[in-house]
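Q: I am sharing input12.cif, which consists of mmCIF, C-alpha atoms and all ligand atoms:
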data_my_file
#
loop_
_atom_site.group_PDB
_atom_site.id
_atom_site.type_symbol
_atom_site.label_atom_id
_atom_site.label_comp_id
_atom_site.auth_asym_id
_atom_site.auth_seq_id
_atom_site.Cartn_x
_atom_site.Cartn_y
_atom_site.Cartn_z
ATOM 1 C CA MET F 564 -53.056 -21.384 -17.414
ATOM 2 C CA THR F 565 -56.289 -21.849 -15.531
ATOM 3 C CA ASN F 566 -56.124 -22.127 -11.765
ATOM 4 C CA ILE F 567 -57.515 -25.507 -10.726
ATOM 5 C CA GLN F 568 -58.719 -26.365 -7.223
ATOM 6 C CA ASP F 569 -58.838 -30.119 -6.916
ATOM 7 C CA LEU F 570 -61.648 -31.084 -4.516
ATOM 8 C CA ARG F 571 -62.010 -34.667 -5.690
ATOM 9 C CA ALA F 572 -60.569 -36.229 -2.556
ATOM 10 C CA ARG F 573 -63.248 -34.698 -0.333
ATOM 11 C CA THR F 574 -66.443 -34.388 -2.353
ATOM 12 C CA PRO F 575 -69.300 -36.629 -1.168
ATOM 13 C CA PHE F 576 -70.205 -39.352 -3.653
ATOM 14 C CA SER F 577 -73.058 -41.869 -3.507
ATOM 15 C CA ASN F 578 -73.733 -42.443 -7.233
ATOM 16 C CA ASN F 579 -72.221 -45.157 -9.424
ATOM 17 C CA ARG F 580 -69.118 -45.023 -11.519
ATOM 18 C CA ARG F 581 -69.155 -45.669 -15.258
ATOM 19 C CA SER F 582 -66.764 -46.551 -17.998
ATOM 20 C CA ILE F 583 -65.611 -43.279 -19.559
ATOM 21 C CA SER F 584 -66.355 -44.748 -22.984
ATOM 22 C CA ARG F 585 -70.055 -44.281 -22.108
ATOM 23 C CA VAL F 586 -69.722 -40.508 -22.107
ATOM 24 C CA THR F 587 -71.310 -39.063 -25.250
ATOM 25 C CA HIS F 588 -71.758 -35.368 -24.372
ATOM 26 C CA ILE F 589 -70.268 -32.572 -22.344
ATOM 27 C CA ALA F 590 -73.034 -30.510 -20.739
ATOM 28 C CA ARG F 591 -72.719 -26.828 -19.878
ATOM 29 C CA HIS F 592 -74.718 -25.361 -17.005
ATOM 30 C CA HIS F 593 -74.998 -22.139 -15.088
ATOM 31 C CA SER F 594 -75.698 -21.961 -11.362
ATOM 32 C CA ALA F 595 -78.479 -19.364 -11.795
ATOM 33 C CA THR F 596 -76.918 -17.570 -8.820
ATOM 34 C CA GLU F 597 -74.598 -14.578 -8.742
ATOM 35 C CA GLN F 598 -72.131 -16.297 -6.426
ATOM 36 C CA GLY F 599 -71.380 -19.670 -4.942
ATOM 37 C CA ASN F 600 -69.020 -22.616 -5.085
ATOM 38 C CA PHE F 601 -69.076 -26.374 -4.582
ATOM 39 C CA ASP F 602 -69.649 -26.185 -0.831
ATOM 40 C CA SER F 603 -72.560 -23.751 -0.972
ATOM 41 C CA PHE F 604 -74.202 -25.670 -3.829
ATOM 42 C CA MET F 605 -73.652 -29.035 -2.113
ATOM 43 C CA ASP F 606 -75.235 -27.711 1.039
ATOM 44 C CA HIS F 607 -78.324 -26.755 -0.994
ATOM 45 C CA TRP F 608 -78.433 -30.062 -2.904
ATOM 46 C CA ARG F 609 -78.183 -32.033 0.303
ATOM 47 C CA ARG F 610 -80.803 -30.101 2.259
ATOM 48 C CA VAL F 611 -83.298 -29.333 -0.511
ATOM 49 C CA ARG F 612 -82.913 -32.317 -2.822
ATOM 50 C CA GLY F 613 -81.441 -34.923 -0.499
ATOM 51 C CA TRP F 614 -78.570 -35.668 -2.868
ATOM 52 C CA GLY F 615 -75.454 -37.521 -1.726
ATOM 53 C CA THR F 616 -73.519 -36.451 -4.809
ATOM 54 C CA GLY F 617 -73.003 -33.037 -6.372
ATOM 55 C CA GLY F 618 -74.451 -31.850 -9.658
ATOM 56 C CA TYR F 619 -71.295 -31.110 -11.615
ATOM 57 C CA HIS F 620 -67.863 -32.531 -12.336
ATOM 58 C CA GLU F 621 -66.389 -29.062 -12.584
ATOM 59 C CA ILE F 622 -67.493 -25.654 -11.336
ATOM 60 C CA ILE F 623 -66.011 -22.477 -12.808
ATOM 61 C CA LEU F 624 -66.030 -19.645 -10.252
ATOM 62 C CA ARG F 625 -66.503 -15.981 -11.162
ATOM 63 C CA ASP F 626 -62.742 -15.333 -11.224
ATOM 64 C CA GLY F 627 -62.190 -18.255 -13.610
ATOM 65 C CA THR F 628 -60.902 -20.677 -10.964
ATOM 66 C CA VAL F 629 -61.962 -24.228 -11.779
ATOM 67 C CA GLN F 630 -63.125 -26.514 -8.987
ATOM 68 C CA ARG F 631 -62.632 -30.126 -10.029
ATOM 69 C CA CYS F 632 -65.257 -31.956 -8.009
ATOM 70 C CA TYR F 633 -65.444 -35.486 -9.505
ATOM 71 C CA ASP F 634 -63.447 -37.882 -11.665
ATOM 72 C CA TYR F 635 -64.319 -38.518 -15.289
ATOM 73 C CA ASP F 636 -65.803 -41.906 -14.421
ATOM 74 C CA GLN F 637 -68.024 -40.695 -11.567
ATOM 75 C CA ILE F 638 -71.683 -40.004 -12.370
ATOM 76 C CA THR F 639 -72.944 -36.612 -11.162
ATOM 77 C CA ASN F 640 -76.440 -35.064 -11.093
ATOM 78 C CA GLY F 641 -76.462 -32.484 -13.895
ATOM 79 C CA VAL F 642 -79.310 -33.506 -16.239
ATOM 80 C CA ALA F 643 -81.903 -36.023 -15.059
ATOM 81 C CA ASN F 644 -81.986 -39.239 -17.135
ATOM 82 C CA TYR F 645 -78.785 -38.407 -19.019
ATOM 83 C CA ASN F 646 -76.175 -38.430 -16.270
ATOM 84 C CA PRO F 647 -74.435 -41.760 -16.982
ATOM 85 C CA ASN F 648 -73.613 -40.413 -20.444
ATOM 86 C CA ILE F 649 -72.570 -36.851 -19.723
ATOM 87 C CA TYR F 650 -69.797 -34.792 -18.164
ATOM 88 C CA ASN F 651 -71.207 -31.735 -16.363
ATOM 89 C CA ILE F 652 -69.453 -28.369 -16.229
ATOM 90 C CA CYS F 653 -71.137 -25.418 -14.480
ATOM 91 C CA LEU F 654 -70.310 -21.716 -14.604
ATOM 92 C CA VAL F 655 -71.266 -19.707 -11.540
ATOM 93 C CA GLY F 656 -73.538 -16.898 -12.729
ATOM 94 C CA ASN F 657 -77.039 -16.143 -13.850
ATOM 95 C CA GLY F 658 -76.974 -15.829 -17.642
ATOM 96 C CA SER F 659 -73.918 -13.590 -17.558
ATOM 97 C CA PHE F 660 -70.348 -14.786 -17.267
ATOM 98 C CA THR F 661 -66.917 -13.203 -16.939
ATOM 99 C CA ALA F 662 -64.228 -13.351 -19.630
ATOM 100 C CA ALA F 663 -62.079 -15.383 -17.216
ATOM 101 C CA GLN F 664 -64.888 -17.924 -16.887
ATOM 102 C CA GLU F 665 -65.327 -18.242 -20.654
ATOM 103 C CA LYS F 666 -61.605 -18.722 -21.114
ATOM 104 C CA ALA F 667 -61.576 -21.403 -18.415
ATOM 105 C CA PHE F 668 -64.627 -23.082 -19.951
ATOM 106 C CA GLU F 669 -62.947 -23.263 -23.350
ATOM 107 C CA GLU F 670 -59.874 -24.827 -21.798
ATOM 108 C CA ARG F 671 -61.850 -27.339 -19.720
ATOM 109 C CA ALA F 672 -64.256 -28.226 -22.530
ATOM 110 C CA GLU F 673 -61.286 -28.875 -24.815
ATOM 111 C CA ASN F 674 -59.691 -31.013 -22.122
ATOM 112 C CA ALA F 675 -62.895 -33.007 -21.680
ATOM 113 C CA ARG F 676 -63.322 -33.393 -25.453
ATOM 114 C CA LYS F 677 -59.883 -34.996 -25.576
ATOM 115 C CA VAL F 678 -60.525 -37.240 -22.579
ATOM 116 C CA PHE F 679 -63.791 -38.559 -24.023
ATOM 117 C CA GLY F 680 -62.895 -38.312 -27.716
ATOM 118 C CA LEU F 681 -65.816 -36.008 -28.587
ATOM 119 C CA SER F 682 -66.301 -33.403 -31.339
ATOM 120 C CA ALA F 683 -67.279 -29.801 -30.521
ATOM 121 C CA SER F 684 -70.854 -30.582 -31.564
ATOM 122 C CA ARG F 685 -71.056 -32.840 -28.489
ATOM 123 C CA VAL F 686 -70.644 -29.866 -26.152
ATOM 124 C CA ILE F 687 -74.231 -28.858 -25.461
ATOM 125 C CA GLY F 688 -76.275 -26.776 -23.081
ATOM 126 C CA HIS F 689 -78.534 -28.241 -20.406
ATOM 127 C CA ASN F 690 -81.640 -27.062 -22.269
ATOM 128 C CA GLU F 691 -80.530 -28.737 -25.509
ATOM 129 C CA PHE F 692 -81.197 -32.181 -24.032
ATOM 130 C CA SER F 693 -84.588 -33.303 -25.219
ATOM 131 C CA GLY F 694 -87.236 -33.321 -22.546
ATOM 132 C CA THR F 695 -85.670 -30.547 -20.473
ATOM 133 C CA ASN F 696 -87.422 -27.296 -19.668
ATOM 134 C CA THR F 697 -84.923 -24.851 -18.209
ATOM 135 C CA SER F 698 -83.154 -21.593 -19.023
ATOM 136 C CA CYS F 699 -79.860 -23.255 -18.079
ATOM 137 C CA PRO F 700 -77.104 -22.687 -19.305
ATOM 138 C CA GLY F 701 -78.149 -19.058 -19.855
ATOM 139 C CA ILE F 702 -76.172 -18.622 -23.082
ATOM 140 C CA ASN F 703 -76.551 -19.398 -26.780
ATOM 141 C CA MET F 704 -74.531 -22.578 -27.181
ATOM 142 C CA ASN F 705 -73.836 -21.948 -30.873
ATOM 143 C CA THR F 706 -71.596 -19.052 -29.889
ATOM 144 C CA VAL F 707 -69.908 -21.256 -27.286
ATOM 145 C CA ARG F 708 -69.325 -24.109 -29.737
ATOM 146 C CA ALA F 709 -67.987 -21.690 -32.352
ATOM 147 C CA ARG F 710 -65.089 -20.978 -30.013
ATOM 148 C CA LEU F 711 -64.253 -24.640 -29.526
ATOM 149 C CA GLY F 712 -61.857 -26.472 -31.568
ATOM 150 C CA ASP F 713 -62.257 -28.672 -34.511
ATOM 151 C CA GLY F 714 -62.013 -25.709 -36.846
ATOM 152 C CA LYS F 715 -65.516 -26.179 -38.209
ATOM 153 C CA GLY F 716 -67.010 -22.991 -36.852
ATOM 154 C CA PRO F 717 -70.540 -22.907 -35.466
ATOM 155 C CA VAL F 718 -72.209 -26.238 -35.093
ATOM 156 C CA HIS F 719 -75.966 -26.392 -35.088
ATOM 157 C CA VAL F 720 -77.488 -29.241 -33.135
ATOM 158 C CA SER F 721 -80.497 -30.144 -35.212
ATOM 159 C CA ASN F 722 -81.234 -33.445 -33.540
ATOM 160 C CA PRO F 723 -81.465 -33.174 -29.792
ATOM 161 C CA PRO F 724 -79.280 -35.856 -28.294
ATOM 162 C CA ASN F 725 -80.972 -38.866 -26.900
ATOM 163 C CA ALA F 726 -79.336 -40.848 -24.159
ATOM 164 C CA SER F 727 -80.468 -44.120 -25.665
ATOM 165 C CA THR F 728 -78.787 -43.621 -29.050
ATOM 166 C CA THR F 729 -75.435 -45.245 -29.600
ATOM 167 C CA PRO F 730 -72.733 -42.623 -29.866
ATOM 168 C CA ASN F 731 -70.953 -42.505 -33.158
ATOM 169 C CA VAL F 732 -67.659 -41.853 -31.411
ATOM 170 C CA THR F 733 -64.522 -43.869 -31.054
ATOM 171 C CA VAL F 734 -62.924 -43.646 -27.669
ATOM 172 C CA SER F 735 -59.392 -44.949 -27.778
ATOM 173 C CA ASN F 736 -58.692 -44.808 -24.075
ATOM 174 C CA SER F 737 -60.155 -47.977 -22.696
ATOM 175 C CA ILE F 738 -57.774 -48.212 -19.737
ATOM 176 C CA VAL F 739 -60.728 -48.041 -17.336
ATOM 177 C CA ASP F 740 -62.462 -50.953 -19.061
ATOM 178 C CA TRP F 741 -59.260 -52.920 -19.255
ATOM 179 C CA LEU F 742 -58.471 -52.486 -15.572
ATOM 180 C CA SER F 743 -62.034 -53.320 -14.530
ATOM 181 C CA LYS F 744 -61.988 -56.402 -16.732
ATOM 182 C CA ASN F 745 -58.868 -57.526 -14.938
ATOM 183 C CA GLY F 746 -60.286 -56.847 -11.508
ATOM 184 C CA VAL F 747 -58.016 -53.870 -10.824
ATOM 185 C CA ASP F 748 -59.271 -50.683 -9.177
ATOM 186 C CA SER F 749 -59.853 -48.318 -12.129
ATOM 187 C CA SER F 750 -60.482 -45.158 -10.122
ATOM 188 C CA PHE F 751 -58.662 -42.013 -11.091
ATOM 189 C CA ALA F 752 -56.583 -42.215 -7.912
ATOM 190 C CA ASN F 753 -55.348 -45.711 -8.718
ATOM 191 C CA ARG F 754 -54.678 -44.862 -12.352
ATOM 192 C CA GLU F 755 -52.670 -41.910 -11.134
ATOM 193 C CA LYS F 756 -50.560 -44.279 -9.025
ATOM 194 C CA LEU F 757 -50.099 -46.690 -11.923
ATOM 195 C CA ALA F 758 -49.169 -43.839 -14.231
ATOM 196 C CA ALA F 759 -46.480 -42.714 -11.796
ATOM 197 C CA GLN F 760 -45.124 -46.272 -11.690
ATOM 198 C CA TYR F 761 -44.901 -46.328 -15.460
ATOM 199 C CA GLY F 762 -43.196 -42.958 -15.627
ATOM 200 C CA ILE F 763 -46.184 -41.022 -17.007
ATOM 201 C CA ALA F 764 -45.667 -37.652 -15.365
ATOM 202 C CA ASN F 765 -48.521 -35.394 -14.288
ATOM 203 C CA TYR F 766 -51.326 -37.856 -14.945
ATOM 204 C CA ARG F 767 -54.619 -36.055 -15.611
ATOM 205 C CA GLY F 768 -56.478 -38.753 -17.478
ATOM 206 C CA THR F 769 -56.074 -37.300 -20.964
ATOM 207 C CA ALA F 770 -56.740 -39.588 -23.944
ATOM 208 C CA GLU F 771 -53.058 -39.601 -24.777
ATOM 209 C CA GLN F 772 -52.012 -40.506 -21.236
ATOM 210 C CA ASN F 773 -54.677 -43.203 -21.018
ATOM 211 C CA THR F 774 -53.524 -44.752 -24.270
ATOM 212 C CA SER F 775 -49.948 -44.821 -23.099
ATOM 213 C CA LEU F 776 -50.991 -46.127 -19.672
ATOM 214 C CA LEU F 777 -52.967 -48.930 -21.298
ATOM 215 C CA LYS F 778 -49.974 -49.828 -23.444
ATOM 216 C CA SER F 779 -47.675 -49.821 -20.428
ATOM 217 C CA CYS F 780 -50.028 -51.964 -18.385
ATOM 218 C CA LYS F 781 -50.268 -54.502 -21.186
ATOM 219 C CA VAL F 782 -46.590 -54.595 -22.034
ATOM 220 C CA VAL F 783 -45.108 -54.357 -18.575
ATOM 221 C CA PRO F 784 -47.709 -55.771 -16.210
ATOM 222 C CA VAL F 785 -45.165 -56.621 -13.547
ATOM 223 C CA LYS F 786 -45.619 -53.581 -11.337
ATOM 224 C CA LEU F 787 -49.366 -53.663 -11.800
ATOM 225 C CA LEU F 788 -49.340 -57.204 -10.507
ATOM 226 C CA LEU F 789 -47.834 -56.341 -7.168
ATOM 227 C CA ASN F 790 -50.210 -56.951 -4.289
ATOM 228 C CA GLN F 791 -52.446 -59.222 -6.335
ATOM 229 C CA SER F 792 -53.237 -62.761 -5.225
ATOM 230 C CA LEU F 793 -51.750 -65.779 -6.975
ATOM 231 C CA LYS F 794 -55.220 -66.797 -8.112
ATOM 232 C CA TRP F 795 -55.644 -63.370 -9.748
ATOM 233 C CA LEU F 796 -52.196 -63.633 -11.373
ATOM 234 C CA ARG F 797 -53.125 -66.967 -12.910
ATOM 235 C CA LYS F 798 -56.405 -65.636 -14.291
ATOM 236 C CA PHE F 799 -54.684 -62.514 -15.542
ATOM 237 C CA SER F 800 -51.951 -64.401 -17.350
ATOM 238 C CA ILE F 801 -54.413 -66.739 -19.052
ATOM 239 C CA LYS F 802 -56.815 -63.992 -20.065
ATOM 240 C CA ASN F 803 -54.099 -61.780 -21.484
ATOM 241 C CA MET F 804 -51.893 -64.588 -22.723
ATOM 242 C CA VAL F 805 -48.827 -63.243 -20.995
ATOM 243 C CA MET F 806 -46.265 -65.067 -18.946
ATOM 244 C CA VAL F 807 -46.048 -63.760 -15.413
ATOM 245 C CA THR F 808 -42.688 -64.132 -13.751
ATOM 246 C CA ILE F 809 -42.225 -62.955 -10.226
ATOM 247 C CA THR F 810 -38.671 -61.834 -9.690
ATOM 248 C CA ALA F 811 -38.829 -59.939 -6.463
HETATM 249 ZN ZN ZN J 901 -78.201 -26.961 -15.752
#
Any chance you could give the structure as C-alpha cells?
Ligand SMILES: [Zn+2]
A:
Amino acid sequence: MTNIQDLRARTPFSNNRRSISRVTHIARHHSATEQGNFDSFMDHWRRVRGWGTGGYHEIILRDGTVQRCYDYDQITNGVANYNPNIYNICLVGNGSFTAAQEKAFEERAENARKVFGLSASRVIGHNEFSGTNTSCPGINMNTVRARLGDGKGPVHVSNPPNASTTPNVTVSNSIVDWLSKNGVDSSFANREKLAAQYGIANYRGTAEQNTSLLKSCKVVPVKLLLNQSLKWLRKFSIKNMVMVTITA
C-alpha cells in the first residue's frame, strides 16, 4: 500500500473550487528536477510565479511516497487554460522515475479514475494537451496508459483533448453538486464529517463512497440538518419534497 502524506489541511489555496463532475482528464507531470517536494516547489511557485496555489493535487516523491496537496474539487495550476477540468499528478524527477513512483502513480491514477469516473484514455501527459509546448511529463504516455486498468491495452490519443468540449463521461457521484445546491459546505473536510455521521468509514471521496453518501444524505437528512437555520430547513424540505421533523 502506498504511503500517503496528507498535506491538504495546510497547503495554501487561492483558486476556486469546482464541481468534481467538471473533471474530464487526469494530467501527469514531472517536476523536471532530481529532487523536491511540495514545500520546495511551492516556495518556487510563490517567489517566481507569484502563485497562491500549488501546481498539483498530488506529488509522488522519489521513494514513492504520495503527498496529497489538494482536494478533488480544488483547482490547481498544472496546465494553463485547462485547470478547472483536470486533476494534476506530478512525479518528482527529470524524465526518469523510480519503480516505486510508477507503482504509486498507477495506484493514484486508478483512484482518481474511480473518483471522476474516467477511462484510462483520459489519463494524459501535460504535453498531450493541445497548445502546450513542453517536455513534461518526460515519458511516453502510451506505455503509462497501457498499465492502467480498463483491460484495453494501449490507448492512443488521436484527438488532443480540448477543454471546451463536453466530456462524454457519466459521473455518478454528484454529492458535491447536491450539497452545494442545498447550501451545505461541500468541501472534502465537511463531506468527511458527514460520511462519519452516516457510518461511512475511512472516507476518501471515492465514487462508491460518494454515491452512498449522497443516498444517505437524501434518505436520512436529519443529521445533515443539524445547525441549519429554520429558513434553510423550510427551503430544503420543499426543494427535496421531504418532511423534516426535529426530534431532538
Ligand atoms: Zn507539467
Q: When the PyMOL selection byres (((chain F and resi 686) around 6) and not hetatm) is applied to the file above, which residues end up in the set, as a PyMOL selection string?
A: chain F and resi 588-590+683-685+687
Q: Compile a residue-level contact table for chain F against ligand ZN 901 (chain J) at a cut-off of 10 Å, reporting for every qualifying residue the shortest atom pair and its distance in Å to one decimal, with all atoms listed in the file counted, rows ordered by chain and ascending number, as a Markdown table.
A:
| residue | atom | partner | partner_atom | distance |
| --- | --- | --- | --- | --- |
| F:Ala590 | CA | J:ZN901 | ZN | 8.0 |
| F:Arg591 | CA | J:ZN901 | ZN | 6.9 |
| F:His592 | CA | J:ZN901 | ZN | 4.0 |
| F:His593 | CA | J:ZN901 | ZN | 5.8 |
| F:Ser594 | CA | J:ZN901 | ZN | 7.1 |
| F:Ala595 | CA | J:ZN901 | ZN | 8.6 |
| F:Gly618 | CA | J:ZN901 | ZN | 8.7 |
| F:Tyr619 | CA | J:ZN901 | ZN | 9.1 |
| F:Asn640 | CA | J:ZN901 | ZN | 9.5 |
| F:Gly641 | CA | J:ZN901 | ZN | 6.1 |
| F:Val642 | CA | J:ZN901 | ZN | 6.7 |
| F:Ala643 | CA | J:ZN901 | ZN | 9.8 |
| F:Asn651 | CA | J:ZN901 | ZN | 8.5 |
| F:Ile652 | CA | J:ZN901 | ZN | 8.9 |
| F:Cys653 | CA | J:ZN901 | ZN | 7.3 |
| F:Leu654 | CA | J:ZN901 | ZN | 9.5 |
| F:Gly688 | CA | J:ZN901 | ZN | 7.6 |
| F:His689 | CA | J:ZN901 | ZN | 4.8 |
| F:Asn690 | CA | J:ZN901 | ZN | 7.4 |
| F:Thr695 | CA | J:ZN901 | ZN | 9.5 |
| F:Thr697 | CA | J:ZN901 | ZN | 7.5 |
| F:Ser698 | CA | J:ZN901 | ZN | 8.0 |
| F:Cys699 | CA | J:ZN901 | ZN | 4.7 |
| F:Pro700 | CA | J:ZN901 | ZN | 5.7 |
| F:Gly701 | CA | J:ZN901 | ZN | 8.9 |
Q: Store the residues picked out above, limited to C-alpha atoms, as a JSON list (two decimals), in the frame of the given file.
A:
[["chain", "number", "residue", "atom", "x", "y", "z"],
["F", 590, "ALA", "CA", -73.03, -30.51, -20.74],
["F", 591, "ARG", "CA", -72.72, -26.83, -19.88],
["F", 592, "HIS", "CA", -74.72, -25.36, -17.00],
["F", 593, "HIS", "CA", -75.00, -22.14, -15.09],
["F", 594, "SER", "CA", -75.70, -21.96, -11.36],
["F", 595, "ALA", "CA", -78.48, -19.36, -11.80],
["F", 618, "GLY", "CA", -74.45, -31.85, -9.66],
["F", 619, "TYR", "CA", -71.30, -31.11, -11.62],
["F", 640, "ASN", "CA", -76.44, -35.06, -11.09],
["F", 641, "GLY", "CA", -76.46, -32.48, -13.90],
["F", 642, "VAL", "CA", -79.31, -33.51, -16.24],
["F", 643, "ALA", "CA", -81.90, -36.02, -15.06],
["F", 651, "ASN", "CA", -71.21, -31.74, -16.36],
["F", 652, "ILE", "CA", -69.45, -28.37, -16.23],
["F", 653, "CYS", "CA", -71.14, -25.42, -14.48],
["F", 654, "LEU", "CA", -70.31, -21.72, -14.60],
["F", 688, "GLY", "CA", -76.28, -26.78, -23.08],
["F", 689, "HIS", "CA", -78.53, -28.24, -20.41],
["F", 690, "ASN", "CA", -81.64, -27.06, -22.27],
["F", 695, "THR", "CA", -85.67, -30.55, -20.47],
["F", 697, "THR", "CA", -84.92, -24.85, -18.21],
["F", 698, "SER", "CA", -83.15, -21.59, -19.02],
["F", 699, "CYS", "CA", -79.86, -23.26, -18.08],
["F", 700, "PRO", "CA", -77.10, -22.69, -19.30],
["F", 701, "GLY", "CA", -78.15, -19.06, -19.86]]
Q: Per residue of stretch 564-658 of chain F within 8 Å of stretch 664-667 of chain F, note the shortest atom pair and the distance in Å to one decimal, counting only C-alpha atoms, and order the rows by chain and increasing residue number, as CSV.
A:
residue,atom,partner,partner_atom,distance
F:Thr565,CA,F:Ala667,CA,6.0
F:Ile623,CA,F:Gln664,CA,6.2
F:Leu624,CA,F:Gln664,CA,6.9
F:Arg625,CA,F:Gln664,CA,6.3
F:Asp626,CA,F:Gln664,CA,6.6
F:Gly627,CA,F:Gln664,CA,4.3
F:Thr628,CA,F:Ala667,CA,7.5
F:Val629,CA,F:Ala667,CA,7.2
F:Leu654,CA,F:Gln664,CA,7.0
Q: Find, counting only C-alpha atoms, the residue in F:Val747, F:Leu757, F:Ala770, F:Ile702 that gets nearest to F:Tyr635.
A: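 Of F:Val747, F:Leu757, F:Ala770, F:Ile702, the one nearest F:Tyr635 is F:Ala770, counting only C-alpha atoms.
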Q: Any idea what the distance is between atom CA of F:Ala662 and atom CA of F:Thr706?
A: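 Here the two named atoms are 13.9 Å from each other.
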Q: How many Å separate atom CA of F:Met605 from atom CA of F:Arg631?
A: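 Interatomic distance here is 13.6 Å.
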Q: I'd like to know which of F:Trp795, F:Tyr633, F:Tyr761, F:Phe604 is closest to F:Gly746, using only C-alpha atoms.
A: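 Nearest to F:Gly746: F:Trp795.
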Q: Report the distance between atom CA of F:Asp636 and atom CA of F:Ser750 in Å, rounded to one decimal place.
A: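 Going from atom CA of F:Asp636 over to atom CA of F:Ser750 covers 7.6 Å.
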Q: Which protein, DNA or RNA residues have an atom at most 8 Å from (-50.1, -47.9, -14.8), counting all atoms listed in the file? List them as a list in words.
A: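 Those residues, ordered by chain and then number, are Arg754, Glu755, Lys756, Leu757, Ala758, Ala759, Gln760, Tyr761, Leu776, Leu777, Ser779, Cys780 and Leu787 of chain F.
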Q: Would you put the residues from that selection into a file with C-alpha atoms, as a PDB file, in the coordinates of the input?
A:
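After the write, result-v5.pdb holds the following:
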ATOM      1  CA  ARG F 754     -54.678 -44.862 -12.352  1.00  0.00           C
ATOM      2  CA  GLU F 755     -52.670 -41.910 -11.134  1.00  0.00           C
ATOM      3  CA  LYS F 756     -50.560 -44.279  -9.025  1.00  0.00           C
ATOM      4  CA  LEU F 757     -50.099 -46.690 -11.923  1.00  0.00           C
ATOM      5  CA  ALA F 758     -49.169 -43.839 -14.231  1.00  0.00           C
ATOM      6  CA  ALA F 759     -46.480 -42.714 -11.796  1.00  0.00           C
ATOM      7  CA  GLN F 760     -45.124 -46.272 -11.690  1.00  0.00           C
ATOM      8  CA  TYR F 761     -44.901 -46.328 -15.460  1.00  0.00           C
ATOM      9  CA  LEU F 776     -50.991 -46.127 -19.672  1.00  0.00           C
ATOM     10  CA  LEU F 777     -52.967 -48.930 -21.298  1.00  0.00           C
ATOM     11  CA  SER F 779     -47.675 -49.821 -20.428  1.00  0.00           C
ATOM     12  CA  CYS F 780     -50.028 -51.964 -18.385  1.00  0.00           C
ATOM     13  CA  LEU F 787     -49.366 -53.663 -11.800  1.00  0.00           C
TER      14      LEU F 787
END
Q: So that I can check the surroundings of F:Arg573, please list as a list in words every protein, DNA and RNA residue that reaches within 12 Å of it, counting all atoms listed in the file and ignoring chain neighbours fewer than 3 positions away.
A: Gln568, Asp569, Leu570, Phe576, Phe601, Asp602, Met605, Thr616, Gly617, Gln630, Arg631, Cys632, Tyr633 and Asp634 of chain F
Q: Could you tell me which of F:Ser577, F:Ser603, F:Gln772, F:Gln637 comes closest to F:Ile622 if we count all atoms listed in the file?
A: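 Distance minimum relative to F:Ile622 lands on F:Ser603.
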Q: Counting only C-alpha atoms, figure out which residue out of F:Asp748, F:Asp740, F:Glu691, F:Glu673 gets nearest to F:Leu711.
A: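 Between F:Asp748, F:Asp740, F:Glu691, F:Glu673, the residue approaching F:Leu711 most closely is F:Glu673.
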Q: Which polymer residues have any atom within 8 Å of an atom of F:Phe679, counting only C-alpha atoms, with same-chain residues fewer than 5 positions away left out, as a PyMOL selection string?
A: chain F and resi 583-584+586-587+734+770
